[in-house]
Amino acid sequence: MNQKTREQHEVMRRHFQQASEQRGFTLSAAQERAVERLSLLAGELAGTGGLFRRSRPSPRNLYVWGPVGRGKSWLVDTFFDGLPLRRKRRLHFHDFFRALHDGVAREGQVRDGGHSAVDRAVDELLGDCRLLVFDEFHAHDAGDAMLVARLFRTLLDRHITLVTTSNYPPAGLMPDPLYHHLFEPTIQRIEERMDVLDVSGPTDFRRLPAPTHGARRFAEGARLTDGAHLTEGGVLTEGADALPGEPGPDAPRPGEAVLVAAHHRELSAKAARADLVWFGFDTLCEATTAVPDYLALAERFGTLVLDDVPPLASCTADGRQRFANLVDVCCDRDIRLFLIGADPLAGLSEDSGLLRDLDRTASRLAMLRRGRRADAAP
């Protein structure tokens, strides 16, 4: 370890310590191990100046995984912010994968000088990037599995250091038993080419007091259950108590139904007013929508209302996954979300495995205010 590497290692360690003190919490043992490994990577990147030559090995890639609430995103965000490297990119996997889809569609599958459409799309998206941070990597969709596999092969074969977070260990990717075997070569490549960091410590940082600054718009939304709904003026009716803060949006009026542009398609909205769009659950979650559609809506609207929400236990598996993706996008893009209907998590039990699979979704739904029946205990 040369002097420049040692200095940057120590600088990054101090940066993590200061960031945790500002947040008001003490790092868990699992996080401390991750901090040490990320600080070592910062030193390695400083030692190469971010330029990797054939004469020296490039730094090892990192795969940081653990259940929701263990601070994975905070760890890699803090690392990224404190790294004095110009050619770095941080992307949410949803965003990058949507852009990759678009790039591949534009390029087509025609080969050019031995490069596939995926190679050319990655060139276009990343340019001369030397460090790429992916947040919330996953592989659920069998239709996208081969494209994800090709993407990882492309990234790992380049002189790009890859750092990614995931709620799943590599072996837990593509959990559907019908398609898991198709993804096993990619899992093997990840395990061979990346250092896997497990941050599955006992501390759930979601349960710690939140900082008083930086209030999020997402948390201004609400879950209106037990028959509660909104009428003209945002008044809660059918026995639901009024919500604190600003009133909810007015219910759709006759004649407000409209087609709204999403990602290469139009969706039937019940209303679209300036910064607000209102959909039924079936339109967004049980139809053949996808994450790129939700991202397109998030770019245009700051408030999204979803009504006729059923218990997720009664939905199709695809409907549950789309709902989870929609909540992810709204939370990540800080969109105010109103859910109207049944409690989405009602009827889910630990034995079924569904509640475990929806753990991240449940934690994000818990951030939303709740409508209550008038006869409920205060």
# chains A, B, ... in the order shown; residues from 1 in each chain; ligands from 1
>>> residues_around(residues="Leu156 (chain A)", least_positions_apart="6", cutoff="12 Å", atoms="only C-alpha atoms", output="list in words")
Ser58, Pro59, Arg60, Asn61, Leu62, Asp119, Val122, Arg130, Leu131, Leu132, Ala149, Arg150, Leu162, Val163, Thr186, Arg189, Ile190, Glu191, Glu192, Arg193 and Met194 of chain A
>>> residues_around(residues="Asp328 (chain A)", least_positions_apart="3", cutoff="9 Å", atoms="only C-alpha atoms", output="list in words")
Phe323, Ala324, Asn325, Cys331, Asp332, Arg333, Arg360, Thr361 and Arg364 of chain A
>>> write_last_selection(atoms="N, CA and C atoms", output="JSON list (two decimals), in the first residue's frame")
[["chain", "number", "residue", "atom", "x", "y", "z"],
["A", 323, "PHE", "N", -46.58, -3.68, -8.06],
["A", 323, "PHE", "CA", -46.90, -2.76, -6.97],
["A", 323, "PHE", "C", -45.64, -2.42, -6.17],
["A", 324, "ALA", "N", -44.84, -3.44, -5.86],
["A", 324, "ALA", "CA", -43.60, -3.21, -5.12],
["A", 324, "ALA", "C", -42.68, -2.28, -5.90],
["A", 325, "ASN", "N", -42.58, -2.49, -7.21],
["A", 325, "ASN", "CA", -41.73, -1.63, -8.04],
["A", 325, "ASN", "C", -42.25, -0.20, -8.07],
["A", 331, "CYS", "N", -40.86, 6.16, -3.87],
["A", 331, "CYS", "CA", -40.01, 6.49, -2.72],
["A", 331, "CYS", "C", -38.66, 7.03, -3.19],
["A", 332, "ASP", "N", -38.04, 6.34, -4.14],
["A", 332, "ASP", "CA", -36.72, 6.75, -4.61],
["A", 332, "ASP", "C", -36.74, 8.10, -5.30],
["A", 333, "ARG", "N", -37.84, 8.40, -6.03],
["A", 333, "ARG", "CA", -37.96, 9.67, -6.72],
["A", 333, "ARG", "C", -38.67, 10.72, -5.88],
["A", 360, "ARG", "N", -39.20, -4.85, 2.02],
["A", 360, "ARG", "CA", -38.82, -3.48, 1.67],
["A", 360, "ARG", "C", -40.06, -2.64, 1.38],
["A", 361, "THR", "N", -41.04, -3.23, 0.68],
["A", 361, "THR", "CA", -42.27, -2.50, 0.39],
["A", 361, "THR", "C", -42.98, -2.12, 1.68],
["A", 364, "ARG", "N", -41.48, 0.84, 3.38],
["A", 364, "ARG", "CA", -41.75, 2.10, 2.72],
["A", 364, "ARG", "C", -43.21, 2.51, 2.91]]
>>> atom_distance(atom1="CA of His15 (chain A)", atom2="CA of Leu45 (chain A)")
16.0 Å
